[in-house]
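Text of the file data_2.pdb, holding PDB, C-alpha atoms:
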```pdb
MODEL        1
ATOM      1  CA  MET A 626      12.603  12.742  17.715
ATOM      2  CA  THR A 627      10.588   9.666  18.624
ATOM      3  CA  VAL A 628       9.770   7.364  15.754
ATOM      4  CA  TYR A 629       6.280   5.933  15.371
ATOM      5  CA  PHE A 630       6.128   3.202  12.733
ATOM      6  CA  ILE A 631       2.432   3.880  12.227
ATOM      7  CA  PRO A 632       2.219   3.706   8.442
ATOM      8  CA  ALA A 633       4.214   0.505   8.317
ATOM      9  CA  GLN A 634       1.695  -1.286  10.520
ATOM     10  CA  ALA A 635       4.221  -1.853  13.294
ATOM     11  CA  GLN A 636       1.374  -2.508  15.702
ATOM     12  CA  PHE A 637       1.195  -5.995  14.210
ATOM     13  CA  ARG A 638       3.024  -8.326  16.597
ATOM     14  CA  SER A 639       5.490 -10.548  14.773
ATOM     15  CA  SER A 640       9.182 -11.008  14.051
ATOM     16  CA  GLN A 641       8.708  -9.723  10.517
ATOM     17  CA  SER A 642      10.742  -6.825   9.169
ATOM     18  CA  PHE A 643      10.498  -4.659   6.041
ATOM     19  CA  HIS A 644       6.989  -3.541   7.012
ATOM     20  CA  PHE A 645       7.292  -0.491   4.756
ATOM     21  CA  LEU A 646       6.296  -2.885   1.939
ATOM     22  CA  ASN A 647       2.756  -2.721   3.355
ATOM     23  CA  VAL A 648       2.542   1.074   3.175
ATOM     24  CA  PRO A 649       0.007   2.264   0.553
ATOM     25  CA  VAL A 650       2.120   3.652  -2.256
ATOM     26  CA  SER A 651      -0.313   5.979  -4.047
ATOM     27  CA  SER A 652      -2.803   8.553  -2.785
ATOM     28  CA  ARG A 653      -5.673   6.620  -4.352
ATOM     29  CA  MET A 654      -4.704   3.467  -2.467
ATOM     30  CA  ALA A 655      -4.318   5.399   0.784
ATOM     31  CA  ALA A 656      -7.692   7.110   0.346
ATOM     32  CA  LEU A 657      -9.407   3.740  -0.208
ATOM     33  CA  GLY A 658      -8.155   2.444   3.132
ATOM     34  CA  GLY A 659      -4.680   1.238   2.187
ATOM     35  CA  VAL A 660      -5.524  -2.274   0.917
ATOM     36  CA  ASN A 661      -7.006  -3.118  -2.493
ATOM     37  CA  VAL A 662      -6.321  -6.015  -4.886
ATOM     38  CA  SER A 663      -9.269  -5.720  -7.294
ATOM     39  CA  LEU A 664      -9.521  -2.168  -8.732
ATOM     40  CA  HIS A 665      -7.920  -2.788 -12.120
ATOM     41  CA  ASP A 666      -6.481  -0.340 -14.667
ATOM     42  CA  LYS A 667      -7.196   2.748 -12.546
ATOM     43  CA  ASP A 668      -3.759   3.545 -11.188
ATOM     44  CA  VAL A 669      -0.327   2.427 -12.398
ATOM     45  CA  ASN A 670       0.806   2.267  -8.752
ATOM     46  CA  PHE A 671      -1.636  -0.526  -7.914
ATOM     47  CA  PHE A 672       0.835  -3.153  -9.125
ATOM     48  CA  TYR A 673       2.564  -2.667  -5.750
ATOM     49  CA  SER A 674      -0.525  -4.326  -4.240
ATOM     50  CA  ASN A 675      -1.392  -6.839  -6.963
ATOM     51  CA  PRO A 676       0.745  -7.321 -10.113
ATOM     52  CA  ALA A 677      -2.366  -8.294 -12.083
ATOM     53  CA  LEU A 678      -4.015  -4.878 -11.675
ATOM     54  CA  ASN A 679      -2.082  -3.172 -14.486
ATOM     55  CA  GLY A 680      -3.124  -3.802 -18.068
ATOM     56  CA  ASP A 681      -2.303  -2.456 -21.520
ATOM     57  CA  THR A 682      -4.471   0.633 -20.971
ATOM     58  CA  LEU A 683      -1.747   1.969 -18.645
ATOM     59  CA  ASN A 684       1.023   1.717 -21.235
ATOM     60  CA  GLY A 685       3.208   4.818 -21.046
ATOM     61  CA  VAL A 686       1.796   6.065 -17.745
ATOM     62  CA  ALA A 687       4.337   7.486 -15.289
ATOM     63  CA  SER A 688       3.490   8.428 -11.727
ATOM     64  CA  ALA A 689       5.163  10.062  -8.711
ATOM     65  CA  SER A 690       3.831  10.013  -5.146
ATOM     66  CA  TYR A 691       4.880  11.461  -1.808
ATOM     67  CA  GLN A 692       3.336  10.893   1.595
ATOM     68  CA  PHE A 693       3.903  12.975   4.722
ATOM     69  CA  TYR A 694       3.659  11.081   8.001
ATOM     70  CA  VAL A 695       4.314  11.933  11.651
ATOM     71  CA  GLY A 696       7.345  14.172  12.264
ATOM     72  CA  ASP A 697       9.754  14.139   9.340
ATOM     73  CA  ILE A 698       8.882  10.621   8.201
ATOM     74  CA  GLY A 699       8.271  10.574   4.462
ATOM     75  CA  HIS A 700       7.456   7.985   1.832
ATOM     76  CA  ALA A 701       8.139   8.442  -1.895
ATOM     77  CA  ALA A 702       7.413   6.243  -4.907
ATOM     78  CA  VAL A 703       7.724   6.425  -8.674
ATOM     79  CA  SER A 704       6.168   4.049 -11.225
ATOM     80  CA  TYR A 705       6.238   3.639 -14.976
ATOM     81  CA  ALA A 706       4.612   1.159 -17.388
ATOM     82  CA  HIS A 707       6.049   0.557 -20.851
ATOM     83  CA  ASP A 708       5.182  -1.866 -23.649
ATOM     84  CA  PHE A 709       8.388  -3.396 -25.005
ATOM     85  CA  ASP A 710       8.392  -4.952 -28.465
ATOM     86  CA  ASN A 711       9.791  -8.349 -27.518
ATOM     87  CA  ILE A 712       8.504  -8.979 -23.997
ATOM     88  CA  GLY A 713       5.318  -6.930 -23.740
ATOM     89  CA  MET A 714       4.442  -4.445 -21.048
ATOM     90  CA  LEU A 715       6.517  -4.158 -17.897
ATOM     91  CA  THR A 716       5.724  -1.987 -14.903
ATOM     92  CA  MET A 717       8.685  -0.673 -12.913
ATOM     93  CA  GLY A 718       8.823   1.159  -9.635
ATOM     94  CA  VAL A 719      10.948   2.417  -6.754
ATOM     95  CA  GLN A 720       9.601   2.799  -3.225
ATOM     96  CA  HIS A 721      11.566   4.686  -0.544
ATOM     97  CA  MET A 722      10.714   5.238   3.121
ATOM     98  CA  SER A 723      12.741   7.740   5.161
ATOM     99  CA  TYR A 724      12.291   7.802   8.926
ATOM    100  CA  GLY A 725      14.085  11.126   9.234
ATOM    101  CA  THR A 726      16.767  12.096  11.729
ATOM    102  CA  ILE A 727      16.661  10.067  14.944
ATOM    103  CA  THR A 728      18.413  10.641  18.265
ATOM    104  CA  GLY A 729      19.879   7.445  19.687
ATOM    105  CA  TYR A 730      20.108   6.503  23.371
ATOM    106  CA  ASP A 731      21.907   3.752  25.234
ATOM    107  CA  ALA A 732      20.497   1.562  28.023
ATOM    108  CA  THR A 733      21.230   4.245  30.633
ATOM    109  CA  GLY A 734      19.371   6.960  28.745
ATOM    110  CA  GLN A 735      22.453   8.801  27.520
ATOM    111  CA  GLU A 736      22.446  10.186  23.994
ATOM    112  CA  THR A 737      24.617   8.283  21.546
ATOM    113  CA  GLY A 738      24.274  10.654  18.618
ATOM    114  CA  ILE A 739      22.029  11.272  15.648
ATOM    115  CA  PHE A 740      21.437   8.778  12.881
ATOM    116  CA  LYS A 741      19.137   8.194   9.935
ATOM    117  CA  ALA A 742      16.999   5.218   9.000
ATOM    118  CA  GLN A 743      15.628   4.417   5.571
ATOM    119  CA  GLU A 744      14.303   1.546   3.478
ATOM    120  CA  THR A 745      14.019   1.069  -0.281
ATOM    121  CA  SER A 746      12.525  -1.434  -2.674
ATOM    122  CA  MET A 747      12.960  -1.714  -6.438
ATOM    123  CA  LEU A 748      10.329  -3.576  -8.427
ATOM    124  CA  VAL A 749       9.649  -4.894 -11.904
ATOM    125  CA  SER A 750       6.313  -6.479 -12.797
ATOM    126  CA  LYS A 751       4.812  -8.420 -15.703
ATOM    127  CA  SER A 752       1.173  -9.319 -16.323
ATOM    128  CA  HIS A 753      -0.599 -11.448 -18.920
ATOM    129  CA  GLN A 754      -4.271 -11.485 -19.841
ATOM    130  CA  THR A 755      -6.269 -14.478 -21.048
ATOM    131  CA  LYS A 756      -9.878 -13.647 -21.876
ATOM    132  CA  ASN A 757     -11.419 -12.309 -18.658
ATOM    133  CA  TYR A 758      -8.499 -13.307 -16.445
ATOM    134  CA  ARG A 759      -5.214 -11.551 -15.867
ATOM    135  CA  PHE A 760      -2.194 -12.917 -14.010
ATOM    136  CA  GLY A 761       0.888 -11.090 -12.857
ATOM    137  CA  VAL A 762       4.187 -11.433 -11.014
ATOM    138  CA  THR A 763       6.396  -8.799  -9.386
ATOM    139  CA  LEU A 764      10.043  -9.214  -8.437
ATOM    140  CA  LYS A 765      11.341  -7.032  -5.592
ATOM    141  CA  GLY A 766      14.739  -6.144  -4.233
ATOM    142  CA  VAL A 767      14.393  -4.839  -0.668
ATOM    143  CA  PHE A 768      17.014  -2.891   1.316
ATOM    144  CA  SER A 769      17.014  -1.472   4.867
ATOM    145  CA  ASN A 770      19.578   0.733   6.628
ATOM    146  CA  TYR A 771      19.333   1.658  10.316
ATOM    147  CA  MET A 772      22.327   3.549  11.688
ATOM    148  CA  GLY A 773      24.701   1.490   9.588
ATOM    149  CA  TYR A 774      22.935  -1.809  10.289
ATOM    150  CA  ARG A 775      21.837  -3.125   6.908
ATOM    151  CA  ALA A 776      19.567  -5.889   5.680
ATOM    152  CA  SER A 777      18.424  -6.987   2.239
ATOM    153  CA  ALA A 778      15.895  -9.405   0.839
ATOM    154  CA  VAL A 779      14.357 -10.680  -2.386
ATOM    155  CA  ALA A 780      10.598 -11.139  -2.676
ATOM    156  CA  ILE A 781       7.932 -11.837  -5.269
ATOM    157  CA  ASP A 782       4.244 -11.000  -5.493
ATOM    158  CA  LEU A 783       1.837 -13.267  -7.377
ATOM    159  CA  GLY A 784      -1.579 -12.001  -8.363
ATOM    160  CA  GLY A 785      -4.654 -12.703 -10.418
ATOM    161  CA  THR A 786      -7.821 -10.825 -11.340
ATOM    162  CA  PHE A 787     -11.141 -11.625 -12.932
ATOM    163  CA  VAL A 788     -13.003  -8.909 -14.850
ATOM    164  CA  HIS A 789     -16.640  -9.553 -15.695
ATOM    165  CA  PRO A 790     -17.232  -9.139 -19.448
ATOM    166  CA  ARG A 791     -20.550  -7.291 -19.047
ATOM    167  CA  GLN A 792     -21.002  -6.136 -15.470
ATOM    168  CA  GLN A 793     -18.794  -3.609 -13.709
ATOM    169  CA  PHE A 794     -17.360  -6.222 -11.391
ATOM    170  CA  SER A 795     -13.819  -7.455 -10.775
ATOM    171  CA  ALA A 796     -12.177  -9.725  -8.214
ATOM    172  CA  GLY A 797      -8.548 -10.132  -7.238
ATOM    173  CA  LEU A 798      -6.201 -12.365  -5.278
ATOM    174  CA  ALA A 799      -2.621 -11.525  -4.305
ATOM    175  CA  ILE A 800       0.131 -13.484  -2.558
ATOM    176  CA  ARG A 801       2.502 -10.800  -1.360
ATOM    177  CA  ASN A 802       6.107 -10.664  -0.144
ATOM    178  CA  PHE A 803       7.006 -14.311  -0.604
ATOM    179  CA  GLY A 804      10.781 -14.582  -0.484
ATOM    180  CA  PHE A 805      13.847 -14.735   1.714
ATOM    181  CA  VAL A 806      16.341 -12.509   3.515
ATOM    182  CA  ILE A 807      19.750 -12.290   1.823
ATOM    183  CA  SER A 808      21.624 -10.460   4.581
ATOM    184  CA  ASP A 809      20.378  -9.547   8.054
ATOM    185  CA  PHE A 810      21.048  -6.603  10.358
ATOM    186  CA  SER A 811      23.292  -8.659  12.658
ATOM    187  CA  GLU A 812      24.255 -12.243  13.455
ATOM    188  CA  THR A 813      21.550 -12.430  16.114
ATOM    189  CA  SER A 814      18.789 -10.894  13.984
ATOM    190  CA  ASP A 815      15.970 -13.085  12.715
ATOM    191  CA  SER A 816      14.215 -10.908  10.158
ATOM    192  CA  ALA A 817      11.422 -12.117   7.909
ATOM    193  CA  LEU A 818       9.404 -10.598   5.097
ATOM    194  CA  PRO A 819       5.791  -9.500   5.858
ATOM    195  CA  PHE A 820       4.155 -12.343   3.931
ATOM    196  CA  ASP A 821       0.438 -11.921   3.331
ATOM    197  CA  VAL A 822      -2.458 -13.251   1.285
ATOM    198  CA  GLN A 823      -5.165 -10.793   0.247
ATOM    199  CA  ALA A 824      -8.418 -11.182  -1.691
ATOM    200  CA  GLY A 825     -11.092  -8.697  -2.666
ATOM    201  CA  ALA A 826     -13.739  -7.496  -5.088
ATOM    202  CA  THR A 827     -14.786  -4.213  -6.708
ATOM    203  CA  PHE A 828     -18.274  -3.573  -8.037
ATOM    204  CA  LYS A 829     -20.395  -0.678  -9.270
ATOM    205  CA  PRO A 830     -24.181  -0.889  -8.904
ATOM    206  CA  GLN A 831     -26.076   0.004 -12.056
ATOM    207  CA  HIS A 832     -27.450   3.532 -12.284
ATOM    208  CA  MET A 833     -25.533   4.641  -9.184
ATOM    209  CA  PRO A 834     -22.513   6.990  -9.210
ATOM    210  CA  LEU A 835     -20.728   4.786  -6.683
ATOM    211  CA  ARG A 836     -18.087   2.072  -6.852
ATOM    212  CA  PHE A 837     -17.264  -0.132  -3.857
ATOM    213  CA  SER A 838     -14.238  -2.247  -2.991
ATOM    214  CA  ILE A 839     -13.887  -4.711  -0.148
ATOM    215  CA  THR A 840     -10.608  -6.464   0.596
ATOM    216  CA  ALA A 841      -9.682  -9.148   3.106
ATOM    217  CA  PHE A 842      -6.076  -9.168   4.325
ATOM    218  CA  HIS A 843      -3.889 -11.142   6.747
ATOM    219  CA  LEU A 844      -5.349 -14.355   5.389
ATOM    220  CA  ALA A 845      -2.113 -16.348   5.758
ATOM    221  CA  GLY A 846      -2.817 -17.405   9.334
ATOM    222  CA  GLN A 847      -1.514 -14.292  11.092
ATOM    223  CA  LYS A 848      -3.024 -13.669  14.496
ATOM    224  CA  ILE A 849      -3.946 -10.008  14.858
ATOM    225  CA  LYS A 850      -3.300  -8.516  18.263
ATOM    226  CA  ASP A 851      -5.788  -6.033  19.672
ATOM    227  CA  ASP A 852      -3.434  -4.533  22.265
ATOM    228  CA  GLY A 853      -4.862  -1.082  21.633
ATOM    229  CA  LEU A 854      -8.112  -2.152  23.321
ATOM    230  CA  GLY A 855      -6.609  -4.307  26.025
ATOM    231  CA  GLY A 856      -6.502  -7.829  24.639
ATOM    232  CA  ASP A 857      -5.695 -10.036  21.704
ATOM    233  CA  GLN A 858      -7.940 -11.433  19.051
ATOM    234  CA  ASP A 859      -9.174 -14.214  21.342
ATOM    235  CA  ASP A 860     -10.737 -11.585  23.619
ATOM    236  CA  THR A 861     -12.918 -10.087  20.875
ATOM    237  CA  ASN A 862     -16.146 -11.458  19.486
ATOM    238  CA  MET A 863     -16.522 -13.181  16.130
ATOM    239  CA  VAL A 864     -17.803 -10.063  14.352
ATOM    240  CA  GLN A 865     -14.785  -8.040  15.480
ATOM    241  CA  ASN A 866     -12.462 -10.856  14.422
ATOM    242  CA  ILE A 867     -13.933 -10.777  10.921
ATOM    243  CA  PHE A 868     -13.802  -6.999  10.576
ATOM    244  CA  ASN A 869     -10.185  -6.996  11.780
ATOM    245  CA  HIS A 870      -9.356  -8.549   8.400
ATOM    246  CA  LEU A 871     -11.468  -6.256   6.202
ATOM    247  CA  ASN A 872     -10.786  -2.992   4.407
ATOM    248  CA  VAL A 873     -13.648  -1.119   2.730
ATOM    249  CA  GLY A 874     -13.275   1.569   0.062
ATOM    250  CA  ALA A 875     -15.775   3.637  -1.922
ATOM    251  CA  GLU A 876     -15.572   6.028  -4.860
ATOM    252  CA  VAL A 877     -18.182   8.717  -5.435
ATOM    253  CA  LEU A 878     -18.177   9.278  -9.203
ATOM    254  CA  PHE A 879     -19.340  12.875  -9.505
ATOM    255  CA  HIS A 880     -17.871  13.182 -12.993
ATOM    256  CA  ARG A 881     -15.595  11.107 -15.207
ATOM    257  CA  ASN A 882     -12.830  13.563 -14.267
ATOM    258  CA  VAL A 883     -13.676  14.054 -10.575
ATOM    259  CA  GLN A 884     -14.092  11.436  -7.841
ATOM    260  CA  VAL A 885     -14.269  11.549  -4.067
ATOM    261  CA  LEU A 886     -12.584   8.586  -2.376
ATOM    262  CA  LEU A 887     -13.415   7.097   1.025
ATOM    263  CA  GLY A 888     -11.897   4.225   2.986
ATOM    264  CA  TYR A 889     -12.148   2.518   6.343
ATOM    265  CA  ASN A 890      -9.715   0.033   7.857
ATOM    266  CA  TYR A 891     -11.255  -1.407  11.007
ATOM    267  CA  TRP A 892      -8.058  -3.089  12.222
ATOM    268  CA  ARG A 893      -6.110   0.156  11.941
ATOM    269  CA  HIS A 894      -8.897   1.899  13.838
ATOM    270  CA  ARG A 895      -8.778  -0.590  16.717
ATOM    271  CA  GLU A 896      -4.999  -0.671  16.869
ATOM    272  CA  LEU A 897      -4.464   3.100  16.837
ATOM    273  CA  GLN A 898      -7.511   4.465  18.618
ATOM    274  CA  LEU A 899      -6.722   6.022  21.995
ATOM    275  CA  GLU A 900      -8.930   5.398  25.017
ATOM    276  CA  ASN A 901     -10.550   8.842  24.917
ATOM    277  CA  ALA A 902      -9.597  10.048  21.440
ATOM    278  CA  GLY A 903      -8.676   8.957  17.954
ATOM    279  CA  ALA A 904     -12.136   8.100  16.701
ATOM    280  CA  GLY A 905     -10.964   9.033  13.203
ATOM    281  CA  ALA A 906      -8.202   6.417  13.194
ATOM    282  CA  GLY A 907      -8.614   4.073  10.259
ATOM    283  CA  LEU A 908     -10.761   6.513   8.287
ATOM    284  CA  SER A 909      -9.339   7.961   5.067
ATOM    285  CA  LEU A 910     -10.572  10.212   2.303
ATOM    286  CA  GLY A 911      -9.296  11.705  -0.906
ATOM    287  CA  LEU A 912     -10.012  13.613  -4.072
ATOM    288  CA  ALA A 913      -9.068  12.500  -7.595
ATOM    289  CA  ALA A 914      -9.172  14.914 -10.529
ATOM    290  CA  ASN A 915      -8.148  14.695 -14.164
ATOM    291  CA  ILE A 916      -6.906  17.998 -15.581
ATOM    292  CA  LYS A 917      -6.140  17.737 -19.289
ATOM    293  CA  THR A 918      -3.428  15.053 -19.483
ATOM    294  CA  PHE A 919      -2.647  14.917 -15.757
ATOM    295  CA  ASP A 920      -4.255  12.819 -13.016
ATOM    296  CA  PHE A 921      -3.924  14.347  -9.565
ATOM    297  CA  VAL A 922      -4.944  12.588  -6.345
ATOM    298  CA  VAL A 923      -4.671  13.874  -2.778
ATOM    299  CA  SER A 924      -5.582  11.920   0.347
ATOM    300  CA  ARG A 925      -5.713  12.103   4.129
ATOM    301  CA  ALA A 926      -5.528   8.980   6.298
ATOM    302  CA  GLY A 927      -6.245   9.244  10.022
ATOM    303  CA  TYR A 928      -4.027   7.391  12.488
ATOM    304  CA  VAL A 929      -4.085   8.736  16.072
ATOM    305  CA  ALA A 930      -5.563  11.865  17.630
ATOM    306  CA  GLY A 931      -4.105  14.932  15.967
ATOM    307  CA  ASN A 932      -1.983  12.948  13.502
ATOM    308  CA  ALA A 933      -2.672  11.946   9.932
ATOM    309  CA  ALA A 934      -0.828  10.985   6.771
ATOM    310  CA  TYR A 935      -1.193  13.273   3.760
ATOM    311  CA  SER A 936      -0.393  11.953   0.314
ATOM    312  CA  PHE A 937      -0.091  13.459  -3.167
ATOM    313  CA  THR A 938       0.142  11.597  -6.486
ATOM    314  CA  LEU A 939       0.644  13.008  -9.975
ATOM    315  CA  SER A 940       0.355  10.797 -13.061
ATOM    316  CA  THR A 941       0.461  11.340 -16.806
ATOM    317  CA  ASN A 942       0.860   9.362 -20.016
ATOM    318  CA  ILE A 943       4.290  10.102 -21.454
ATOM    319  CA  ASN A 944       3.409   8.504 -24.804
ATOM    320  CA  LYS A 945       1.000  11.349 -25.555
ATOM    321  CA  TYR A 946       3.836  13.865 -25.402
ATOM    322  CA  LEU A 947       6.102  11.685 -27.517
ATOM    323  CA  LYS A 948       3.445  11.339 -30.229
ATOM    324  CA  ARG A 949       2.956  15.098 -30.338
ATOM    325  CA  ARG A 950       6.654  15.681 -30.783
TER     326      ARG A 950
ENDMDL
END
```

What is this file in structure tokens?
Amino acid sequence: MTVYFIPAQAQFRSSQSFHFLNVPVSSRMAALGGVNVSLHDKDVNFFYSNPALNGDTLNGVASASYQFYVGDIGHAAVSYAHDFDNIGMLTMGVQHMSYGTITGYDATGQETGIFKAQETSMLVSKSHQTKNYRFGVTLKGVFSNYMGYRASAVAIDLGGTFVHPRQQFSAGLAIRNFGFVISDFSETSDSALPFDVQAGATFKPQHMPLRFSITAFHLAGQKIKDDGLGGDQDDTNMVQNIFNHLNVGAEVLFHRNVQVLLGYNYWRHRELQLENAGAGAGLSLGLAANIKTFDFVVSRAGYVAGNAAYSFTLSTNINKYLKRR
């Protein structure tokens, strides 16, 4: 099979590795466009994006997600938040990306056999709230394996949020994937973590069943290439340059137990849109429903013509079952 690193944002031109760390972990995140650092206490998986997004209200919540991408590429994640007596609440998670079975070729085009490629990260996160502000830190161990070539790294995420005491408004800032490579794929490799700075806000207008989120990403000086439309960022106008860094998400709040989720990532749209097709690239949607003690979210994110990523997330509060027993 041919591997397309679409979900890992491989269209971004840099020497960075471990791009699976940028894949939206949960269905809610994927449905909202893939980038969000301000929607607090809604999903235990959001600590992957900003460690300050998980508070005490998520104590005991466990979640499992799986995303189907092109071919047999799959992405799985599990998360759990627990309040420990001595140190407070910790959120833990494991993220695993499998690129399936790949046929290798040498420089002459001859097959060299079949191999597998996969990447994994293990995370532990701690947050602390002071009045209307919450701060958090996440420690990550990152591991990659491509046909026996292995690399590992250590990274941290730093995040903060502000929650308005009266209005339904919150803002967030996250410094993601700051760290170093412990071991590289080979002596000639020069891998680097996908460092990024992201900032955003979430707000709900009064008397409207809608909640909006807008997030700016790639704020650490990265230069976004627009190769998909025949040029780099210097060839686009100022408006396009701004929108290349923005992700917009919306929630339609039909009922407290049912929401429709929408997202649009303009950069993903420009990078993955084909010349005569792929108008749906960058557009995502989802459905979130609460059924008794279970939260279920399903999403679809468009990439290129005829291809999309489908994601499913199931969450529940384990403490409720323990109290009953």

Using the chain letters and numbers from the file, give me the residues hit by the PyMOL selection byres ((chain A and resi 707) around 7), as an mmCIF file with C-alpha atoms, in the coordinates of the input.
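The result, written out as expr18.cif:
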```cif
data_model
loop_
_atom_site.group_PDB
_atom_site.id
_atom_site.type_symbol
_atom_site.label_atom_id
_atom_site.label_comp_id
_atom_site.auth_asym_id
_atom_site.auth_seq_id
_atom_site.Cartn_x
_atom_site.Cartn_y
_atom_site.Cartn_z
ATOM 1 C CA ASN A 684 1.023 1.717 -21.235
ATOM 2 C CA GLY A 685 3.208 4.818 -21.046
ATOM 3 C CA TYR A 705 6.238 3.639 -14.976
ATOM 4 C CA ALA A 706 4.612 1.159 -17.388
ATOM 5 C CA ASP A 708 5.182 -1.866 -23.649
ATOM 6 C CA PHE A 709 8.388 -3.396 -25.005
ATOM 7 C CA MET A 714 4.442 -4.445 -21.048
ATOM 8 C CA LEU A 715 6.517 -4.158 -17.897
ATOM 9 C CA THR A 716 5.724 -1.987 -14.903
#
```

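Residue membership of the PyMOL selection byres ((chain A and resi 752) around 9) in the shown file amounts to Pro676, Ala677, Leu678, Asn679, Gly680, Gly713, Met714, Leu715, Thr716, Ser750, Lys751, His753, Gln754, Arg759, Phe760, Gly761, Val762, Thr763, Gly784 and Gly785 of chain A.
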
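CA of Val719 (chain A) is found 19.3 Å from CA of Asp666 (chain A).
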
Which residues match the PyMOL selection byres ((chain A and resi 664) around 9) in the file above, as a CSV table (one decimal) with C-alpha atoms, keeping the file's coordinate frame?
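Contents of selection25.csv, as written:
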```
chain,number,residue,atom,x,y,z
A,661,ASN,CA,-7.0,-3.1,-2.5
A,662,VAL,CA,-6.3,-6.0,-4.9
A,663,SER,CA,-9.3,-5.7,-7.3
A,665,HIS,CA,-7.9,-2.8,-12.1
A,666,ASP,CA,-6.5,-0.3,-14.7
A,667,LYS,CA,-7.2,2.7,-12.5
A,668,ASP,CA,-3.8,3.5,-11.2
A,671,PHE,CA,-1.6,-0.5,-7.9
A,678,LEU,CA,-4.0,-4.9,-11.7
A,795,SER,CA,-13.8,-7.5,-10.8
A,796,ALA,CA,-12.2,-9.7,-8.2
A,797,GLY,CA,-8.5,-10.1,-7.2
A,826,ALA,CA,-13.7,-7.5,-5.1
A,827,THR,CA,-14.8,-4.2,-6.7
A,828,PHE,CA,-18.3,-3.6,-8.0
A,838,SER,CA,-14.2,-2.2,-3.0
```

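Residues in contact with Trp892 (chain A) at up to 8 Å, not including ones fewer than 6 positions away on its chain and judged by only C-alpha atoms, are Phe868, Asn869, His870, Leu871 and Gly907 of chain A.
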
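Within 12 Å of the point (1.2, -17.4, 2.6), counting all atoms listed in the file, the protein and nucleic acid residues come to Ile781, Asp782, Leu783, Leu798, Ala799, Ile800, Arg801, Asn802, Phe803, Gly804, Leu818, Pro819, Phe820, Asp821, Val822, Gln823, Phe842, His843, Leu844, Ala845, Gly846 and Gln847 of chain A.
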
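Comparing the minimum interatomic distances between Tyr724 (chain A) and each of A:Arg925, A:Asp710, A:Phe645, A:Val686, counting only C-alpha atoms, we find that A:Phe645 sits nearest.
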
Next item on the list: May I have the residues within 8 Å of Gln793 (chain A) as a ChimeraX atom specification, using all atoms listed in the file and disregarding those fewer than 4 positions away in the same chain?
Entry: /A:788-789,828-830

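Ranking A:Ser690, A:Ser652, A:Thr918, A:Asn872 by their shortest atom-to-atom distance to Asn944 (chain A), with only C-alpha atoms included, puts A:Thr918 first.
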
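Distance annotation: of A:Met833, A:Val660, A:Val648, A:Ala655, the residue with the minimal separation from Leu886 (chain A) is A:Ala655; atom set is only C-alpha atoms.
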
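Point (15.5, -2.7, -11.5) has the following residues at most 9 Å away: Met717, Gly718, Val719, Met747, Leu748, Val749, Lys765 and Gly766 of chain A (atoms considered: only C-alpha atoms).
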
Note to self: So the first atom is CA of Tyr673 (chain A) and the second is CA of Phe768 (chain A); what is the distance between them in Å, to one decimal place?
What the structure shows: 16.1 Å

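Nearest to His894 (chain A) of all the residues A:Thr755, A:Gln865, A:Asn882, A:Ser746 is A:Gln865, based on all atoms listed in the file.
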
Margin query: Can you measure CA of Gly927 (chain A) to CA of Gly725 (chain A) for me? One decimal in Å is fine.
Written below: 20.4 Å

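Those residues that approach Glu744 (chain A) to within 8 Å, counting all atoms listed in the file, are Phe643, Phe645, His721, Met722, Ser723, Val767, Phe768, Ser769 and Asn770 of chain A; same-chain residues fewer than 4 positions away are not listed.
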
Notebook entry, point to check: Which of these residues is nearest to Val877 (chain A), using only C-alpha atoms: A:Val923, A:Ala701, A:Leu646, A:Leu657?
Noted result: A:Leu657

Item checked: A:Asn862, A:Thr840, A:Ser808, A:Ser704 ranked by distance to Val779 (chain A), top pick (using only C-alpha atoms) -> A:Ser808

Notebook entry, point to check: Which neighbours of Lys741 (chain A) fall inside 6 Å, counting all atoms listed in the file, when residues of the same chain fewer than 3 positions from it are skipped, and could you give them as number ranges by chain?
Noted result: A: 725-727, 772

Export of the given selection (C-alpha atoms) as a CSV table (one decimal), in the coordinates of the input:
```csv
chain,number,residue,atom,x,y,z
A,725,GLY,CA,14.1,11.1,9.2
A,726,THR,CA,16.8,12.1,11.7
A,727,ILE,CA,16.7,10.1,14.9
A,772,MET,CA,22.3,3.5,11.7
```

Could you work out an axis-aligned box for region 837-840 of chain A, taking every atom the file lists and adding 4 Å on each side, and report centre and edge lengths in Å to one decimal, as lines of an AutoDock Vina configuration file?
```
center_x = -13.9
center_y = -3.3
center_z = -1.6
size_x = 14.7
size_y = 14.3
size_z = 12.5
```
